[in-house]
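Novice: Got a file for you: final_5.pdb, PDB, C-alpha atoms, pLDDT in the B column.
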ATOM      1  CA  MET G   1     -83.255 -66.600 -44.460  1.00 41.00           C
ATOM      2  CA  PRO G   2     -82.975 -70.170 -43.151  1.00 47.00           C
ATOM      3  CA  SER G   3     -80.061 -70.938 -40.879  1.00 47.00           C
ATOM      4  CA  THR G   4     -77.174 -72.984 -42.124  1.00 51.00           C
ATOM      5  CA  GLN G   5     -76.450 -74.176 -38.588  1.00 60.00           C
ATOM      6  CA  THR G   6     -76.186 -77.931 -38.285  1.00 75.00           C
ATOM      7  CA  ILE G   7     -78.324 -79.805 -35.803  1.00 77.00           C
ATOM      8  CA  PRO G   8     -76.348 -80.047 -32.550  1.00 83.00           C
ATOM      9  CA  ALA G   9     -75.461 -83.421 -31.038  1.00 88.00           C
ATOM     10  CA  GLU G  10     -76.690 -82.346 -27.595  1.00 95.00           C
ATOM     11  CA  PRO G  11     -80.504 -82.357 -27.182  1.00 97.00           C
ATOM     12  CA  CYS G  12     -81.758 -78.859 -27.953  1.00 96.00           C
ATOM     13  CA  VAL G  13     -84.947 -76.831 -28.366  1.00 95.00           C
ATOM     14  CA  LYS G  14     -85.623 -73.900 -30.673  1.00 92.00           C
ATOM     15  CA  ARG G  15     -84.089 -70.729 -29.327  1.00 89.00           C
ATOM     16  CA  ILE G  16     -87.462 -68.949 -29.612  1.00 88.00           C
ATOM     17  CA  VAL G  17     -88.113 -70.157 -26.054  1.00 90.00           C
ATOM     18  CA  VAL G  18     -85.352 -67.914 -24.634  1.00 90.00           C
ATOM     19  CA  PRO G  19     -86.988 -64.477 -24.991  1.00 90.00           C
ATOM     20  CA  ALA G  20     -90.370 -66.019 -24.174  1.00 92.00           C
ATOM     21  CA  PHE G  21     -89.001 -67.538 -20.971  1.00 93.00           C
ATOM     22  CA  ARG G  22     -87.519 -64.201 -19.893  1.00 94.00           C
ATOM     23  CA  GLN G  23     -90.687 -62.269 -20.690  1.00 95.00           C
ATOM     24  CA  ALA G  24     -92.999 -64.777 -18.997  1.00 97.00           C
ATOM     25  CA  VAL G  25     -91.036 -64.530 -15.737  1.00 97.00           C
ATOM     26  CA  VAL G  26     -91.291 -60.735 -15.743  1.00 97.00           C
ATOM     27  CA  ASP G  27     -94.941 -60.747 -16.839  1.00 97.00           C
ATOM     28  CA  LEU G  28     -95.942 -62.971 -13.926  1.00 98.00           C
ATOM     29  CA  TRP G  29     -93.570 -61.939 -11.111  1.00 98.00           C
ATOM     30  CA  GLY G  30     -91.813 -58.756 -12.207  1.00 98.00           C
ATOM     31  CA  ASP G  31     -88.112 -58.007 -11.929  1.00 97.00           C
ATOM     32  CA  ALA G  32     -88.053 -59.375  -8.365  1.00 97.00           C
ATOM     33  CA  GLY G  33     -89.238 -62.767  -9.659  1.00 97.00           C
ATOM     34  CA  ARG G  34     -86.628 -62.677 -12.403  1.00 96.00           C
ATOM     35  CA  GLU G  35     -83.870 -61.981  -9.879  1.00 97.00           C
ATOM     36  CA  GLN G  36     -85.163 -64.720  -7.580  1.00 97.00           C
ATOM     37  CA  MET G  37     -85.146 -67.165 -10.479  1.00 97.00           C
ATOM     38  CA  ILE G  38     -81.594 -66.152 -11.510  1.00 96.00           C
ATOM     39  CA  SER G  39     -80.366 -66.628  -7.936  1.00 96.00           C
ATOM     40  CA  ASN G  40     -81.376 -70.301  -8.239  1.00 95.00           C
ATOM     41  CA  LEU G  41     -79.194 -70.827 -11.329  1.00 96.00           C
ATOM     42  CA  SER G  42     -75.492 -71.522 -11.641  1.00 93.00           C
ATOM     43  CA  GLY G  43     -72.863 -72.209 -14.272  1.00 93.00           C
ATOM     44  CA  ASP G  44     -73.570 -72.041 -17.968  1.00 93.00           C
ATOM     45  CA  SER G  45     -77.359 -72.271 -17.443  1.00 94.00           C
ATOM     46  CA  ARG G  46     -77.156 -69.002 -15.505  1.00 93.00           C
ATOM     47  CA  ASP G  47     -74.852 -67.469 -18.132  1.00 91.00           C
ATOM     48  CA  GLU G  48     -77.220 -68.474 -20.966  1.00 89.00           C
ATOM     49  CA  PHE G  49     -80.161 -66.857 -19.196  1.00 90.00           C
ATOM     50  CA  VAL G  50     -78.433 -63.674 -18.038  1.00 88.00           C
ATOM     51  CA  GLN G  51     -76.150 -62.989 -20.986  1.00 82.00           C
ATOM     52  CA  ASP G  52     -78.337 -64.265 -23.821  1.00 65.00           C
ATOM     53  CA  VAL G  53     -75.443 -65.913 -25.622  1.00 58.00           C
ATOM     54  CA  VAL G  54     -76.454 -65.476 -29.260  1.00 57.00           C
ATOM     55  CA  GLY G  55     -74.607 -66.144 -32.496  1.00 56.00           C
ATOM     56  CA  ALA G  56     -75.621 -65.005 -35.948  1.00 48.00           C
ATOM     57  CA  ASN G  57     -77.051 -68.400 -36.896  1.00 57.00           C
ATOM     58  CA  ARG G  58     -77.766 -69.772 -33.448  1.00 77.00           C
ATOM     59  CA  VAL G  59     -81.149 -71.462 -33.761  1.00 88.00           C
ATOM     60  CA  TRP G  60     -80.951 -73.977 -30.914  1.00 92.00           C
ATOM     61  CA  ILE G  61     -80.374 -73.898 -27.151  1.00 93.00           C
ATOM     62  CA  PRO G  62     -79.481 -76.984 -25.105  1.00 95.00           C
ATOM     63  CA  THR G  63     -82.557 -78.508 -23.508  1.00 97.00           C
ATOM     64  CA  ARG G  64     -80.658 -78.838 -20.221  1.00 97.00           C
ATOM     65  CA  HIS G  65     -80.691 -75.047 -19.856  1.00 96.00           C
ATOM     66  CA  VAL G  66     -84.448 -74.830 -20.342  1.00 96.00           C
ATOM     67  CA  ILE G  67     -84.915 -77.602 -17.767  1.00 96.00           C
ATOM     68  CA  ALA G  68     -82.588 -75.819 -15.311  1.00 97.00           C
ATOM     69  CA  TRP G  69     -84.500 -72.578 -15.843  1.00 96.00           C
ATOM     70  CA  ALA G  70     -87.806 -74.323 -15.163  1.00 96.00           C
ATOM     71  CA  PHE G  71     -86.439 -75.791 -11.929  1.00 96.00           C
ATOM     72  CA  ALA G  72     -85.270 -72.297 -10.944  1.00 97.00           C
ATOM     73  CA  ILE G  73     -88.803 -70.996 -11.535  1.00 97.00           C
ATOM     74  CA  TRP G  74     -90.230 -73.877  -9.484  1.00 97.00           C
ATOM     75  CA  GLU G  75     -87.856 -73.216  -6.579  1.00 96.00           C
ATOM     76  CA  GLY G  76     -88.163 -69.440  -6.893  1.00 97.00           C
ATOM     77  CA  PRO G  77     -91.136 -67.345  -7.939  1.00 98.00           C
ATOM     78  CA  ALA G  78     -93.519 -70.303  -8.444  1.00 97.00           C
ATOM     79  CA  ASN G  79     -92.859 -71.210  -4.791  1.00 97.00           C
ATOM     80  CA  ARG G  80     -93.131 -74.954  -5.537  1.00 96.00           C
ATOM     81  CA  THR G  81     -96.798 -74.485  -6.417  1.00 96.00           C
ATOM     82  CA  ARG G  82     -98.133 -76.576  -9.299  1.00 95.00           C
ATOM     83  CA  ASP G  83    -100.766 -73.996 -10.315  1.00 97.00           C
ATOM     84  CA  GLU G  84     -98.173 -71.211 -10.448  1.00 97.00           C
ATOM     85  CA  MET G  85     -95.806 -73.384 -12.462  1.00 97.00           C
ATOM     86  CA  ALA G  86     -98.595 -74.299 -14.882  1.00 97.00           C
ATOM     87  CA  ARG G  87     -99.464 -70.608 -15.235  1.00 97.00           C
ATOM     88  CA  PHE G  88     -95.836 -69.902 -16.115  1.00 98.00           C
ATOM     89  CA  ILE G  89     -95.673 -72.793 -18.619  1.00 96.00           C
ATOM     90  CA  ARG G  90     -98.798 -71.478 -20.383  1.00 95.00           C
ATOM     91  CA  ARG G  91     -97.461 -67.922 -20.535  1.00 95.00           C
ATOM     92  CA  GLN G  92     -94.072 -69.046 -21.833  1.00 94.00           C
ATOM     93  CA  TRP G  93     -95.723 -71.183 -24.531  1.00 91.00           C
ATOM     94  CA  ASP G  94     -98.031 -68.315 -25.539  1.00 91.00           C
ATOM     95  CA  LEU G  95     -94.973 -66.099 -26.062  1.00 92.00           C
ATOM     96  CA  SER G  96     -92.943 -68.673 -28.026  1.00 88.00           C
ATOM     97  CA  MET G  97     -94.382 -71.629 -29.939  1.00 79.00           C
ATOM     98  CA  GLY G  98     -97.906 -70.368 -29.350  1.00 69.00           C
ATOM     99  CA  VAL G  99     -97.219 -67.192 -31.314  1.00 66.00           C
ATOM    100  CA  VAL G 100     -96.298 -69.254 -34.344  1.00 64.00           C
ATOM    101  CA  ARG G 101     -99.132 -71.776 -34.029  1.00 72.00           C
ATOM    102  CA  ARG G 102    -101.983 -69.707 -32.584  1.00 69.00           C
ATOM    103  CA  VAL G 103    -103.752 -69.060 -35.899  1.00 62.00           C
ATOM    104  CA  ILE G 104    -103.603 -72.719 -36.922  1.00 69.00           C
ATOM    105  CA  LEU G 105    -104.853 -73.874 -33.543  1.00 73.00           C
ATOM    106  CA  HIS G 106    -107.735 -71.387 -33.262  1.00 69.00           C
ATOM    107  CA  LEU G 107    -109.083 -72.357 -36.658  1.00 69.00           C
ATOM    108  CA  ALA G 108    -108.799 -76.116 -36.282  1.00 77.00           C
ATOM    109  CA  PRO G 109    -110.735 -78.758 -34.459  1.00 85.00           C
ATOM    110  CA  PRO G 110    -108.327 -80.782 -32.302  1.00 89.00           C
ATOM    111  CA  GLY G 111    -108.447 -83.979 -34.385  1.00 89.00           C
ATOM    112  CA  PRO G 112    -106.353 -82.832 -37.368  1.00 88.00           C
ATOM    113  CA  ILE G 113    -103.759 -81.322 -35.016  1.00 90.00           C
ATOM    114  CA  VAL G 114    -103.095 -84.758 -33.492  1.00 94.00           C
ATOM    115  CA  ALA G 115    -101.785 -86.097 -36.802  1.00 92.00           C
ATOM    116  CA  ARG G 116     -99.254 -83.245 -37.009  1.00 91.00           C
ATOM    117  CA  LEU G 117     -97.814 -83.477 -33.477  1.00 94.00           C
ATOM    118  CA  GLY G 118     -94.873 -85.717 -34.381  1.00 95.00           C
ATOM    119  CA  ALA G 119     -93.703 -83.325 -37.101  1.00 94.00           C
ATOM    120  CA  MET G 120     -94.254 -80.294 -34.864  1.00 91.00           C
ATOM    121  CA  TRP G 121     -92.127 -81.886 -32.129  1.00 96.00           C
ATOM    122  CA  LYS G 122     -89.287 -82.437 -34.628  1.00 95.00           C
ATOM    123  CA  GLN G 123     -89.472 -78.797 -35.758  1.00 92.00           C
ATOM    124  CA  ASP G 124     -88.917 -77.577 -32.194  1.00 93.00           C
ATOM    125  CA  ASN G 125     -86.676 -80.262 -30.627  1.00 96.00           C
ATOM    126  CA  THR G 126     -83.567 -82.094 -31.772  1.00 97.00           C
ATOM    127  CA  ALA G 127     -84.149 -85.070 -29.454  1.00 97.00           C
ATOM    128  CA  GLY G 128     -87.116 -87.256 -28.707  1.00 97.00           C
ATOM    129  CA  GLU G 129     -89.914 -88.834 -30.661  1.00 98.00           C
ATOM    130  CA  MET G 130     -93.564 -87.856 -30.370  1.00 98.00           C
ATOM    131  CA  GLU G 131     -96.286 -90.265 -31.429  1.00 98.00           C
ATOM    132  CA  ALA G 132     -99.916 -89.216 -31.185  1.00 98.00           C
ATOM    133  CA  THR G 133    -103.195 -90.933 -31.960  1.00 97.00           C
ATOM    134  CA  LEU G 134    -106.718 -89.605 -31.858  1.00 97.00           C
ATOM    135  CA  ASP G 135    -108.873 -91.546 -29.414  1.00 96.00           C
ATOM    136  CA  GLU G 136    -111.894 -93.422 -30.734  1.00 95.00           C
ATOM    137  CA  GLY G 137    -114.811 -91.009 -30.775  1.00 93.00           C
ATOM    138  CA  GLY G 138    -112.540 -88.007 -31.327  1.00 93.00           C
ATOM    139  CA  ASN G 139    -112.805 -86.590 -27.794  1.00 95.00           C
ATOM    140  CA  GLY G 140    -109.189 -87.060 -26.824  1.00 97.00           C
ATOM    141  CA  ALA G 141    -105.723 -88.076 -27.868  1.00 98.00           C
ATOM    142  CA  THR G 142    -102.972 -90.285 -26.549  1.00 98.00           C
ATOM    143  CA  LEU G 143     -99.454 -88.915 -26.908  1.00 98.00           C
ATOM    144  CA  HIS G 144     -96.227 -90.801 -26.311  1.00 98.00           C
ATOM    145  CA  LEU G 145     -92.960 -88.917 -25.909  1.00 98.00           C
ATOM    146  CA  SER G 146     -89.764 -90.940 -25.734  1.00 98.00           C
ATOM    147  CA  ASN G 147     -86.021 -90.312 -25.558  1.00 98.00           C
ATOM    148  CA  SER G 148     -86.361 -86.656 -24.583  1.00 98.00           C
ATOM    149  CA  PRO G 149     -84.644 -85.018 -21.597  1.00 98.00           C
ATOM    150  CA  PHE G 150     -88.090 -83.705 -20.609  1.00 98.00           C
ATOM    151  CA  VAL G 151     -89.181 -87.279 -19.823  1.00 98.00           C
ATOM    152  CA  GLU G 152     -86.416 -87.816 -17.262  1.00 96.00           C
ATOM    153  CA  THR G 153     -87.940 -85.876 -14.337  1.00 95.00           C
ATOM    154  CA  PRO G 154     -91.444 -85.497 -12.908  1.00 94.00           C
ATOM    155  CA  HIS G 155     -91.064 -81.745 -13.355  1.00 93.00           C
ATOM    156  CA  GLY G 156     -90.200 -82.079 -17.059  1.00 95.00           C
ATOM    157  CA  ARG G 157     -93.082 -84.479 -17.668  1.00 97.00           C
ATOM    158  CA  ALA G 158     -95.565 -82.162 -15.932  1.00 96.00           C
ATOM    159  CA  SER G 159     -94.327 -79.203 -17.975  1.00 96.00           C
ATOM    160  CA  ILE G 160     -94.644 -80.990 -21.314  1.00 97.00           C
ATOM    161  CA  ALA G 161     -98.092 -82.343 -20.400  1.00 98.00           C
ATOM    162  CA  GLU G 162     -99.288 -78.832 -19.502  1.00 97.00           C
ATOM    163  CA  ILE G 163     -97.941 -77.443 -22.776  1.00 95.00           C
ATOM    164  CA  TYR G 164     -99.990 -79.959 -24.758  1.00 95.00           C
ATOM    165  CA  ARG G 165    -103.095 -79.501 -22.611  1.00 96.00           C
ATOM    166  CA  HIS G 166    -102.838 -75.751 -23.130  1.00 94.00           C
ATOM    167  CA  ALA G 167    -102.188 -76.110 -26.871  1.00 91.00           C
ATOM    168  CA  PHE G 168    -105.308 -78.246 -27.321  1.00 93.00           C
ATOM    169  CA  ALA G 169    -107.269 -75.684 -25.287  1.00 92.00           C
ATOM    170  CA  GLN G 170    -106.336 -73.169 -28.023  1.00 89.00           C
ATOM    171  CA  THR G 171    -108.232 -75.241 -30.617  1.00 88.00           C
ATOM    172  CA  ARG G 172    -112.009 -75.507 -30.803  1.00 87.00           C
ATOM    173  CA  ALA G 173    -111.868 -78.101 -28.003  1.00 90.00           C
ATOM    174  CA  LYS G 174    -113.550 -77.272 -24.693  1.00 92.00           C
ATOM    175  CA  ASN G 175    -112.820 -78.424 -21.141  1.00 96.00           C
ATOM    176  CA  VAL G 176    -109.381 -79.814 -21.995  1.00 97.00           C
ATOM    177  CA  THR G 177    -107.770 -81.982 -19.308  1.00 98.00           C
ATOM    178  CA  GLU G 178    -104.605 -84.071 -19.195  1.00 98.00           C
ATOM    179  CA  MET G 179    -103.178 -86.999 -17.296  1.00 98.00           C
ATOM    180  CA  HIS G 180     -99.601 -88.147 -17.716  1.00 98.00           C
ATOM    181  CA  ALA G 181     -97.289 -90.845 -16.433  1.00 98.00           C
ATOM    182  CA  LEU G 182     -94.176 -92.788 -17.267  1.00 97.00           C
ATOM    183  CA  ASP G 183     -94.944 -95.467 -19.813  1.00 94.00           C
ATOM    184  CA  GLY G 184     -91.638 -97.319 -19.864  1.00 93.00           C
ATOM    185  CA  PRO G 185     -87.954 -96.423 -19.804  1.00 92.00           C
ATOM    186  CA  LYS G 186     -87.443 -92.922 -21.207  1.00 96.00           C
ATOM    187  CA  ARG G 187     -91.070 -92.796 -22.370  1.00 98.00           C
ATOM    188  CA  MET G 188     -94.113 -90.941 -21.096  1.00 98.00           C
ATOM    189  CA  VAL G 189     -97.762 -91.041 -22.032  1.00 98.00           C
ATOM    190  CA  ILE G 190    -100.044 -88.005 -22.012  1.00 98.00           C
ATOM    191  CA  ARG G 191    -103.787 -88.540 -22.270  1.00 98.00           C
ATOM    192  CA  VAL G 192    -105.597 -85.389 -23.312  1.00 98.00           C
ATOM    193  CA  LYS G 193    -109.407 -85.243 -23.173  1.00 97.00           C
ATOM    194  CA  TRP G 194    -111.820 -82.562 -24.392  1.00 96.00           C
ATOM    195  CA  SER G 195    -115.468 -81.961 -25.182  1.00 92.00           C
TER     196      SER G 195
END
Take the structure from the file and write it as structure tokens.
Specialist:
Amino acid sequence: MPSTQTIPAEPCVKRIVVPAFRQAVVDLWGDAGREQMISNLSGDSRDEFVQDVVGANRVWIPTRHVIAWAFAIWEGPANRTRDEMARFIRRQWDLSMGVVRRVILHLAPPGPIVARLGAMWKQDNTAGEMEATLDEGGNGATLHLSNSPFVETPHGRASIAEIYRHAFAQTRAKNVTEMHALDGPKRMVIRVKWS
């Protein structure tokens, strides 16, 4: 049954990321990694992670918590290592949004997915705008994300870029790479290439 919950004013992401985040930490680093990550959290971000504050129709979680959790992973079990953080981001995506979209992605060439990215972003996030265009020749895409809390820090930008690189790697694309950078105030560009 669809939720009757209104869209919150604070930037939020779909709550499906919460159990995926918890499971990904344990899958990669065990209970010790989970405890290390929790020790790097404070306040309501810690409470949200530890207590799993859930209401009957609670569909969204504030993006700031997800960002705080990612920083806690970076400082904790990922040991400030980009490869470990990317491994975590991939695992977390596979357990959340990837579960829902895996069938679509595996069956599709990457081109048609590009046209749907803006709508997919809006399904999963209450803030930010995603624009995506297929590169000439069809061997890549240029994505612009603006007005999202994920754009505000290098860590958030790297995480979002890895999510999209990994998602395109789930399609029929091969050798998927990404480059990302700020592209103006509150706006980032992600260039994804494949063969």
Novice: Go through G:Arg64, G:Arg34, G:Arg46, G:Arg165 and flag the residue nearest Leu143 in chain G, using only C-alpha atoms for the distances.
Specialist: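 Checking each candidate against Leu143 in chain G, we get G:Arg165 as the closest.
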Novice: Using all atoms listed in the file for the distances, tell me which of G:Gly118, G:Gln92, G:Thr81, G:Asp124 is nearest to Arg15 in chain G.
Specialist: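 Of all the options, G:Asp124 lies closest to Arg15 in chain G.
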Novice: Take CA of Ala181 in chain G and CA of Ala161 in chain G and report the distance between them in Å, one decimal.
Specialist: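 Spanning CA of Ala181 in chain G to CA of Ala161 in chain G is a straight-line distance of 9.4 Å.
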Novice: Translate the PyMOL selection byres ((chain G and resi 22) around 12) into a concrete residue list for this structure, as a ChimeraX atom specification.
Specialist: /G:15-21,23-31,33-35,37-38,48-52,66,69-70,73,88-89,91-93,95-96
Novice: List the neighbours of range 128-140 of chain G out to 7 Å using all atoms listed in the file; skip same-chain residues closer than 6 positions along the sequence, and give me the result as a list in words.
Specialist: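 Residues meeting the cut-off are Gly111, Val114, Ala115, Leu117, Gly118, Trp121, Ser146, Asn147, Ser148, Val192, Lys193, Trp194 and Ser195 of chain G.
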Novice: With all atoms listed in the file as the basis for distance, which of G:Ala78, G:Ala119, G:Ala86, G:Ala141 is at the shortest distance from Ile160 in chain G?
Specialist: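 Comparing G:Ala78, G:Ala119, G:Ala86, G:Ala141 against Ile160 in chain G, the winner is G:Ala86.
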Novice: So what do you get for CA of Ala108 in chain G versus CA of Leu182 in chain G, distance-wise?
Specialist: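 Computing it gives 29.2 Å between the two atoms.
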Novice: Using all atoms listed in the file, which residues sit within 9 Å of Arg157 in chain G once same-chain residues fewer than 2 positions away are excluded, as a list in words?
Specialist: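 Listed by chain and then number, they are Phe150, Val151, Glu152, Thr153, Pro154, His155, Ser159, Ile160, Ala161, Glu162, His180, Ala181, Leu182, Met188 and Ile190 of chain G.
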Novice: What would the file look like if the residues just selected were written as a PDB file, in the coordinates of the input with C-alpha atoms?
Specialist:
ATOM      1  CA  PHE G 150     -88.090 -83.705 -20.609  1.00 98.00           C
ATOM      2  CA  VAL G 151     -89.181 -87.279 -19.823  1.00 98.00           C
ATOM      3  CA  GLU G 152     -86.416 -87.816 -17.262  1.00 96.00           C
ATOM      4  CA  THR G 153     -87.940 -85.876 -14.337  1.00 95.00           C
ATOM      5  CA  PRO G 154     -91.444 -85.497 -12.908  1.00 94.00           C
ATOM      6  CA  HIS G 155     -91.064 -81.745 -13.355  1.00 93.00           C
ATOM      7  CA  SER G 159     -94.327 -79.203 -17.975  1.00 96.00           C
ATOM      8  CA  ILE G 160     -94.644 -80.990 -21.314  1.00 97.00           C
ATOM      9  CA  ALA G 161     -98.092 -82.343 -20.400  1.00 98.00           C
ATOM     10  CA  GLU G 162     -99.288 -78.832 -19.502  1.00 97.00           C
ATOM     11  CA  HIS G 180     -99.601 -88.147 -17.716  1.00 98.00           C
ATOM     12  CA  ALA G 181     -97.289 -90.845 -16.433  1.00 98.00           C
ATOM     13  CA  LEU G 182     -94.176 -92.788 -17.267  1.00 97.00           C
ATOM     14  CA  MET G 188     -94.113 -90.941 -21.096  1.00 98.00           C
ATOM     15  CA  ILE G 190    -100.044 -88.005 -22.012  1.00 98.00           C
TER      16      ILE G 190
END
Novice: By how many Å are CA of Ala127 in chain G and CA of Val176 in chain G apart?
Specialist: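 Rounded to one decimal, the two atoms are 26.8 Å apart.
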Novice: Using only C-alpha atoms, can you list as number ranges by chain the residues within 8 Å of (-78.4, -73.7, -27.9)?
Specialist: G: 12-15, 58-63
Novice: Restricting the calculation to all atoms listed in the file: of G:Ser39, G:Ile163, G:Glu10, G:Ala32, which residue gets closest to Met85 in chain G?
Specialist: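 Ranked by minimum distance to Met85 in chain G, first place goes to G:Ile163.
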Novice: Please enclose the listed atoms of range 43-47 of chain G in an axis-aligned box, pad each side by 4 Å, and write out the centre and the three edge lengths in Å, rounded to one decimal, as AutoDock Vina command-line options.
Specialist:
--center_x -75.1 --center_y -69.9 --center_z -16.2 --size_x 12.5 --size_y 12.8 --size_z 11.9
Novice: Have a look at G:Leu145, G:Ala173, G:Asn79, G:Ala167 and name the one nearest to Asn125 in chain G; count all atoms listed in the file.
Specialist: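 So, comparing all the options, the nearest one is G:Leu145.
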Novice: Restricting the calculation to all atoms listed in the file, which member of G:Arg101, G:His144, G:Arg80, G:Arg90 is positioned closest to Lys186 in chain G?
Specialist: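 Between G:Arg101, G:His144, G:Arg80, G:Arg90, the residue approaching Lys186 in chain G most closely is G:His144.
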